[in-house]
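Structure below is data_0.cif: mmCIF, C-alpha atoms.
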```
data_upload
loop_
_atom_site.label_atom_id
_atom_site.label_comp_id
_atom_site.auth_asym_id
_atom_site.auth_seq_id
_atom_site.Cartn_x
_atom_site.Cartn_y
_atom_site.Cartn_z
CA MET A 1 -30.06 36.48 -14.52
CA PRO A 2 -33.23 38.62 -14.83
CA GLY A 3 -33.42 39.75 -11.21
CA PHE A 4 -31.70 39.70 -7.85
CA CYS A 5 -32.91 36.57 -6.11
CA LEU A 6 -31.01 35.45 -3.03
CA MET A 7 -30.63 31.82 -2.12
CA SER A 8 -31.93 30.60 1.20
CA THR A 9 -29.22 31.53 3.69
CA THR A 10 -28.65 31.04 7.39
CA PRO A 11 -26.47 32.93 9.89
CA SER A 12 -23.83 30.22 9.46
CA THR A 13 -23.69 30.72 5.68
CA PRO A 14 -20.78 32.99 4.64
CA LEU A 15 -21.88 36.42 3.46
CA VAL A 16 -19.12 36.39 0.82
CA GLU A 17 -17.54 33.36 -0.83
CA LEU A 18 -15.08 32.97 -3.68
CA ARG A 19 -15.14 29.54 -5.29
CA ASN A 20 -12.30 28.33 -7.52
CA LEU A 21 -11.91 31.88 -8.82
CA THR A 22 -9.35 32.91 -11.43
CA PHE A 23 -8.78 36.48 -12.56
CA GLY A 24 -6.06 38.14 -14.58
CA TYR A 25 -5.20 40.76 -17.16
CA GLY A 26 -4.26 39.03 -20.39
CA ALA A 27 -1.51 36.53 -19.68
CA ARG A 28 -0.88 38.01 -16.22
CA VAL A 29 -2.76 35.97 -13.59
CA ILE A 30 -3.61 37.90 -10.41
CA LEU A 31 -5.74 35.28 -8.62
CA ASP A 32 -5.27 31.64 -9.53
CA ASP A 33 -8.09 29.23 -8.64
CA ILE A 34 -8.59 30.59 -5.11
CA SER A 35 -11.42 29.79 -2.70
CA LEU A 36 -12.17 31.73 0.47
CA THR A 37 -15.08 32.56 2.76
CA VAL A 38 -16.00 35.69 4.71
CA PRO A 39 -18.15 34.77 7.74
CA ARG A 40 -21.08 36.95 8.75
CA GLY A 41 -20.62 39.42 11.57
CA LYS A 42 -16.83 39.09 11.57
CA VAL A 43 -13.87 41.23 10.55
CA THR A 44 -11.81 39.52 7.85
CA ALA A 45 -8.41 40.99 6.94
CA LEU A 46 -6.89 40.57 3.48
CA MET A 47 -3.13 40.96 3.65
CA GLY A 48 -0.03 40.27 1.61
CA ALA A 49 2.65 42.00 -0.41
CA SER A 50 1.73 44.79 -2.83
CA GLY A 51 0.27 43.51 -6.08
CA GLY A 52 -1.00 40.32 -4.50
CA GLY A 53 -4.64 40.83 -5.51
CA LYS A 54 -6.18 42.22 -2.30
CA THR A 55 -7.94 45.22 -3.85
CA THR A 56 -8.81 43.02 -6.83
CA VAL A 57 -10.86 40.83 -4.47
CA LEU A 58 -12.84 43.89 -3.32
CA ARG A 59 -13.50 44.91 -6.92
CA LEU A 60 -14.69 41.39 -7.76
CA ILE A 61 -17.11 41.40 -4.82
CA GLY A 62 -18.47 44.79 -5.89
CA GLY A 63 -18.82 43.67 -9.49
CA GLN A 64 -16.51 46.33 -10.96
CA ILE A 65 -14.61 43.49 -12.62
CA ARG A 66 -15.58 39.91 -13.39
CA ALA A 67 -13.56 36.75 -13.04
CA GLN A 68 -12.61 34.63 -16.03
CA ARG A 69 -13.47 31.47 -14.08
CA GLY A 70 -15.17 30.58 -10.82
CA GLN A 71 -17.82 32.27 -8.69
CA THR A 72 -18.06 35.36 -6.50
CA LEU A 73 -21.00 34.81 -4.16
CA PHE A 74 -22.65 37.56 -2.13
CA ASP A 75 -25.31 36.23 0.22
CA GLY A 76 -25.61 33.16 -1.98
CA ALA A 77 -26.01 34.99 -5.30
CA ASP A 78 -23.26 34.95 -7.93
CA VAL A 79 -22.11 38.51 -8.62
CA THR A 80 -20.45 37.30 -11.82
CA THR A 81 -23.80 36.48 -13.47
CA MET A 82 -25.85 39.45 -12.22
CA ASP A 83 -27.41 41.87 -14.68
CA GLN A 84 -27.13 45.60 -14.02
CA ARG A 85 -30.33 45.86 -11.98
CA ALA A 86 -29.38 42.95 -9.74
CA LEU A 87 -25.84 44.24 -9.33
CA TYR A 88 -27.04 47.68 -8.22
CA ALA A 89 -29.39 46.03 -5.73
CA ALA A 90 -26.47 44.05 -4.30
CA ARG A 91 -24.25 47.13 -4.13
CA ARG A 92 -26.83 48.93 -2.02
CA ARG A 93 -26.08 46.32 0.63
CA MET A 94 -22.36 47.09 0.47
CA GLY A 95 -20.41 50.02 1.85
CA MET A 96 -16.94 50.99 0.65
CA LEU A 97 -14.24 53.03 2.32
CA PHE A 98 -11.73 53.96 -0.37
CA GLN A 99 -8.05 54.69 0.15
CA PHE A 100 -7.65 58.18 1.65
CA GLY A 101 -11.43 58.59 1.94
CA ALA A 102 -12.25 59.83 -1.58
CA LEU A 103 -14.63 62.51 -0.30
CA PHE A 104 -16.32 64.85 -2.76
CA THR A 105 -14.20 67.98 -2.37
CA ASP A 106 -16.96 70.45 -3.28
CA MET A 107 -19.47 69.01 -0.80
CA SER A 108 -19.64 69.62 2.93
CA VAL A 109 -19.19 66.81 5.42
CA PHE A 110 -22.96 66.63 5.82
CA ASP A 111 -23.60 66.41 2.07
CA ASN A 112 -20.89 63.76 1.61
CA VAL A 113 -22.60 61.48 4.10
CA ALA A 114 -26.05 62.33 2.74
CA PHE A 115 -25.03 61.54 -0.84
CA PRO A 116 -25.78 57.77 -0.86
CA LEU A 117 -29.09 58.37 0.92
CA ARG A 118 -30.18 60.94 -1.64
CA GLU A 119 -28.88 58.84 -4.53
CA HIS A 120 -30.42 55.49 -3.57
CA THR A 121 -33.53 56.35 -1.53
CA LYS A 122 -36.51 58.69 -1.63
CA LEU A 123 -36.40 59.54 2.06
CA PRO A 124 -37.67 62.99 3.10
CA GLU A 125 -34.90 65.48 3.78
CA ALA A 126 -35.80 65.68 7.47
CA LEU A 127 -35.13 61.94 7.84
CA VAL A 128 -31.94 62.20 5.77
CA ARG A 129 -30.74 64.88 8.20
CA ASP A 130 -31.40 62.67 11.21
CA ILE A 131 -29.62 59.67 9.67
CA VAL A 132 -26.59 61.75 8.64
CA LEU A 133 -26.23 63.22 12.12
CA LEU A 134 -26.54 59.77 13.69
CA LYS A 135 -23.82 58.36 11.40
CA LEU A 136 -21.55 61.32 12.05
CA ASN A 137 -22.14 60.95 15.77
CA ALA A 138 -21.09 57.29 15.53
CA VAL A 139 -17.68 58.39 14.25
CA GLY A 140 -17.41 61.35 16.62
CA LEU A 141 -17.87 64.10 14.02
CA ARG A 142 -21.45 65.35 14.42
CA GLY A 143 -20.01 68.75 15.23
CA ALA A 144 -18.05 68.85 11.96
CA ARG A 145 -21.14 68.59 9.72
CA ASN A 146 -20.64 72.00 8.08
CA LEU A 147 -16.91 71.69 7.40
CA MET A 148 -15.51 71.13 3.92
CA PRO A 149 -13.09 68.27 3.19
CA SER A 150 -10.23 70.77 2.81
CA GLU A 151 -10.78 71.73 6.45
CA LEU A 152 -10.39 68.18 7.75
CA SER A 153 -7.31 66.34 8.94
CA GLY A 154 -6.48 63.02 7.31
CA GLY A 155 -7.92 61.10 10.23
CA MET A 156 -11.12 63.15 10.25
CA ALA A 157 -11.58 62.68 6.50
CA ARG A 158 -11.27 58.92 6.94
CA ARG A 159 -13.93 58.98 9.66
CA VAL A 160 -16.30 61.01 7.47
CA ALA A 161 -15.74 58.46 4.70
CA LEU A 162 -16.61 55.71 7.18
CA ALA A 163 -19.84 57.51 8.12
CA ARG A 164 -20.69 57.69 4.42
CA ALA A 165 -19.89 53.99 3.97
CA ILE A 166 -22.42 53.01 6.65
CA ALA A 167 -25.09 55.57 5.68
CA LEU A 168 -27.33 52.94 4.03
CA ASP A 169 -26.89 50.41 6.87
CA PRO A 170 -25.09 47.91 4.63
CA ASP A 171 -24.56 44.25 5.40
CA LEU A 172 -20.96 44.37 4.18
CA VAL A 173 -18.36 47.14 4.52
CA MET A 174 -15.10 46.90 2.58
CA TYR A 175 -12.10 48.95 3.66
CA ASP A 176 -9.25 49.55 1.20
CA GLU A 177 -6.15 50.55 3.20
CA PRO A 178 -8.09 52.42 5.92
CA PHE A 179 -4.91 53.14 7.94
CA ALA A 180 -2.67 54.46 5.15
CA GLY A 181 -1.11 57.85 5.90
CA LEU A 182 -2.58 58.20 9.39
CA ASP A 183 -0.67 59.26 12.49
CA PRO A 184 -0.62 56.76 15.39
CA ILE A 185 -3.54 58.41 17.22
CA SER A 186 -5.77 58.61 14.13
CA LEU A 187 -4.75 55.09 13.15
CA GLY A 188 -5.75 53.70 16.53
CA THR A 189 -9.04 55.62 16.40
CA ALA A 190 -9.86 54.27 12.93
CA ALA A 191 -9.10 50.70 13.98
CA ARG A 192 -11.24 51.01 17.11
CA LEU A 193 -14.14 52.40 15.06
CA ILE A 194 -14.00 49.54 12.56
CA ARG A 195 -14.13 46.99 15.37
CA GLU A 196 -16.82 48.77 17.40
CA LEU A 197 -19.09 49.56 14.46
CA ASN A 198 -18.81 46.01 13.18
CA GLY A 199 -20.25 44.76 16.45
CA ALA A 200 -22.72 47.55 17.16
CA LEU A 201 -24.27 47.56 13.67
CA GLY A 202 -24.02 43.82 13.02
CA LEU A 203 -21.76 44.35 10.02
CA THR A 204 -19.50 42.02 8.13
CA SER A 205 -16.19 43.73 7.35
CA ILE A 206 -13.34 43.08 4.93
CA VAL A 207 -10.19 45.09 5.64
CA VAL A 208 -7.34 45.35 3.15
CA SER A 209 -4.30 46.59 5.02
CA HIS A 210 -0.53 46.40 5.35
CA ASP A 211 -0.56 47.55 8.99
CA LEU A 212 0.10 44.32 10.87
CA ASP A 213 -0.36 45.38 14.50
CA GLU A 214 -3.61 47.32 14.11
CA THR A 215 -5.12 44.86 11.64
CA PHE A 216 -4.24 41.79 13.70
CA GLY A 217 -5.72 43.58 16.71
CA ILE A 218 -9.21 43.93 15.18
CA ALA A 219 -9.48 40.94 12.80
CA ASP A 220 -11.28 37.69 13.54
CA GLN A 221 -9.80 36.07 10.42
CA VAL A 222 -6.69 36.87 8.39
CA ILE A 223 -6.16 35.77 4.79
CA VAL A 224 -2.71 36.25 3.26
CA LEU A 225 -2.57 36.37 -0.55
CA ALA A 226 0.66 35.70 -2.41
CA ASN A 227 1.59 34.66 -5.94
CA GLY A 228 -2.05 34.35 -6.91
CA LYS A 229 -2.80 31.87 -4.14
CA ILE A 230 -3.88 31.89 -0.49
CA ALA A 231 -0.64 31.52 1.47
CA ALA A 232 -2.33 31.43 4.89
CA GLN A 233 -5.81 31.65 6.39
CA GLY A 234 -6.76 31.57 10.05
CA THR A 235 -6.93 33.59 13.23
CA PRO A 236 -4.36 36.39 13.69
CA ASP A 237 -2.44 34.21 16.12
CA GLU A 238 -2.38 31.26 13.73
CA VAL A 239 -1.13 33.41 10.86
CA ARG A 240 1.45 35.14 13.03
CA HIS A 241 2.95 31.76 13.96
CA SER A 242 2.77 30.27 10.46
CA THR A 243 5.82 28.26 9.42
CA ASP A 244 5.29 29.08 5.74
CA PRO A 245 8.46 30.99 4.68
CA LEU A 246 6.56 33.63 2.71
CA VAL A 247 4.01 34.27 5.47
CA SER A 248 6.77 34.35 8.08
CA GLN A 249 8.71 36.90 6.03
CA PHE A 250 5.62 39.08 5.69
CA VAL A 251 4.43 39.09 9.31
CA ASN A 252 7.97 39.60 10.62
CA ALA A 253 8.87 42.25 8.00
CA ARG A 254 12.06 40.47 6.97
CA PRO A 255 13.84 41.91 3.91
CA ASP A 256 15.09 38.49 2.80
CA GLY A 257 12.91 35.54 1.92
CA PRO A 258 10.67 34.24 -0.87
CA VAL A 259 9.74 37.85 -1.75
CA HIS A 260 12.88 39.32 -3.27
CA PHE A 261 13.97 42.96 -3.15
CA HIS A 262 15.14 42.93 -6.78
CA HIS A 263 12.73 42.41 -9.65
CA PRO A 264 14.08 39.77 -12.06
CA ALA A 265 16.69 41.42 -14.29
CA PRO A 266 19.81 40.69 -16.32
CA THR A 267 23.03 40.38 -14.35
CA LEU A 268 25.00 43.54 -13.65
CA ALA A 269 27.71 42.27 -15.97
CA GLU A 270 25.18 41.91 -18.78
CA ASP A 271 23.78 45.40 -18.25
CA PHE A 272 27.02 47.28 -17.64
CA GLY A 273 29.68 45.06 -19.14
CA LYS A 274 32.50 43.48 -17.20
CA ASP A 275 34.47 46.71 -17.08
CA GLY A 276 31.48 48.69 -15.73
CA VAL A 277 31.10 46.62 -12.57
#
```

Could I get this structure in the form of structure tokens?
Amino acid sequence: MPGFCLMSTTPSTPLVELRNLTFGYGARVILDDISLTVPRGKVTALMGASGGGKTTVLRLIGGQIRAQRGQTLFDGADVTTMDQRALYAARRRMGMLFQFGALFTDMSVFDNVAFPLREHTKLPEALVRDIVLLKLNAVGLRGARNLMPSELSGGMARRVALARAIALDPDLVMYDEPFAGLDPISLGTAARLIRELNGALGLTSIVVSHDLDETFGIADQVIVLANGKIAAQGTPDEVRHSTDPLVSQFVNARPDGPVHFHHPAPTLAEDFGKDGV
């Protein structure tokens, strides 16, 4: 693919779509012939047990990895077939909030948020300053512009990372465990910001999370991944009331069910001998 040419799309066309996609490492299959859509302007939650492929989906959309089979479409263009120039152009329309923020520790809050603007644009510094302050104001941290990451709480660091993720006014923002490690107040603040910014900025958001209550509270669509497949897909209420045993175990946090506590292993008698047990 010599350049980045988008197909003709409409507001009803999904911004992101995976079609019959398979990805794995060697013989280990992570995603097995899955298809899903991420509607424009909505918050889509990717959920499921650890190791189910949620972060892998984000990496496929961003082009860090490529599927063995199937398509990963972003605004109608297949990320899988993009050359480097086209991929970088697509990534400029994506924002990413990494687990625990991933701020540059030797840069101030201001410079962290300014980084993507300075890296991907040739805007004058006066305009960069105005944009950075506007983004920081959107997350309630305009007054923290001169602080260093080491001076921030976990919740503040996550909000700075969110300001950086939206610095380039992306079409898509992907959140990888945005609530991990946050206290209840910071967690609620982060969830509210995701929902409010999605509407105010006209974003499309994908949230990978294990926090059921907060995620169900902000999501328009929930997709549950399990065993390489899509176990459930629908509104939060539909997923919460799913009769699928695996989905029911997950949303109700039951220790017993299709997902077992013990990894497959020899019997105790085989490992320790009859006299050892």

Which of these residues is nearest to Ile30 (chain A), using all atoms listed in the file: A:Gly51, A:Glu125, A:Met174, A:Ala45?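 Nearest to Ile30 (chain A): A:Gly51.
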
Looking at A:Thr44, A:Thr80, A:Ser108, A:Thr215, which one is nearest to Gln233 (chain A), with distances taken over all atoms listed in the file?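 Among A:Thr44, A:Thr80, A:Ser108, A:Thr215, it is A:Thr44 that comes nearest to Gln233 (chain A).
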
Phe115 (chain A) proximity check over A:Leu193, A:Ile131, A:Val251, A:Ala269, using only C-alpha atoms: winner is A:Ile131

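If you look at CA of Asn137 (chain A) and CA of Val208 (chain A), they are 24.9 Å away from each other.
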
Taking (-10.4, 42.7, 16.1) in the coordinates of the supplied file, I want to know which residues reach to within 10 Å of it, counting all atoms listed in the file; could you give the answer as a list in words?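 Checked against the point, the hits come out as Lys42, Val43, Thr44, Ala45, Ala191, Arg192, Ile194, Arg195, Glu196, Asn198, Glu214, Thr215, Phe216, Gly217, Ile218, Ala219, Asp220, Gln221 and Pro236 of chain A.
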
One decimal, in Å: what's the spacing between CA of Pro116 (chain A) and CA of Leu136 (chain A)?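 Between CA of Pro116 (chain A) and CA of Leu136 (chain A) the gap works out to 14.0 Å.
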
Interatomic distance (Å, one decimal) between CA of Leu182 (chain A) and CA of Met96 (chain A):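 We find that CA of Leu182 (chain A) and CA of Met96 (chain A) lie 18.3 Å from each other.
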
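Of the listed residues (A:Val207, A:Leu97, A:Leu36, A:Val247), A:Leu97 comes nearest to Ala163 (chain A); the distances count all atoms listed in the file.
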
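Closest approach to Gln64 (chain A) among A:Ala49, A:Asn227, A:Arg91, A:Tyr175: A:Arg91, based on only C-alpha atoms.
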
Which residue out of A:Gly48, A:Asp75, A:Asn112, A:Asn146 has the minimum interatomic distance to Ser248 (chain A) when all atoms listed in the file are used?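 Going through A:Gly48, A:Asp75, A:Asn112, A:Asn146 one by one, the smallest distance to Ser248 (chain A) is for A:Gly48.
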
List the residues selected by the PyMOL selection byres ((chain A and resi 149-161) around 8) in the file shown, writing them as a CSV table (one decimal) with C-alpha atoms, keeping the file's coordinate frame.
```csv
chain,number,residue,atom,x,y,z
A,97,LEU,CA,-14.2,53.0,2.3
A,98,PHE,CA,-11.7,54.0,-0.4
A,100,PHE,CA,-7.6,58.2,1.6
A,101,GLY,CA,-11.4,58.6,1.9
A,102,ALA,CA,-12.2,59.8,-1.6
A,103,LEU,CA,-14.6,62.5,-0.3
A,104,PHE,CA,-16.3,64.8,-2.8
A,105,THR,CA,-14.2,68.0,-2.4
A,106,ASP,CA,-17.0,70.4,-3.3
A,107,MET,CA,-19.5,69.0,-0.8
A,108,SER,CA,-19.6,69.6,2.9
A,109,VAL,CA,-19.2,66.8,5.4
A,112,ASN,CA,-20.9,63.8,1.6
A,113,VAL,CA,-22.6,61.5,4.1
A,136,LEU,CA,-21.6,61.3,12.0
A,139,VAL,CA,-17.7,58.4,14.2
A,141,LEU,CA,-17.9,64.1,14.0
A,147,LEU,CA,-16.9,71.7,7.4
A,148,MET,CA,-15.5,71.1,3.9
A,162,LEU,CA,-16.6,55.7,7.2
A,163,ALA,CA,-19.8,57.5,8.1
A,164,ARG,CA,-20.7,57.7,4.4
A,165,ALA,CA,-19.9,54.0,4.0
A,178,PRO,CA,-8.1,52.4,5.9
A,181,GLY,CA,-1.1,57.8,5.9
A,182,LEU,CA,-2.6,58.2,9.4
A,183,ASP,CA,-0.7,59.3,12.5
A,186,SER,CA,-5.8,58.6,14.1
A,187,LEU,CA,-4.8,55.1,13.2
A,190,ALA,CA,-9.9,54.3,12.9
```

I'd like the neighbourhood of Ser242 (chain A) as a list of chain:residue names, where a residue qualifies if any of its atoms comes within 12 Å (using all atoms listed in the file), though same-chain residues fewer than 6 positions away should be ignored. A:Val222, A:Ile223, A:Val224, A:Ala231, A:Ala232, A:Gln233, A:Gly234, A:Thr235, A:Pro236, A:Ser248, A:Gln249, A:Phe250, A:Val251, A:Asn252
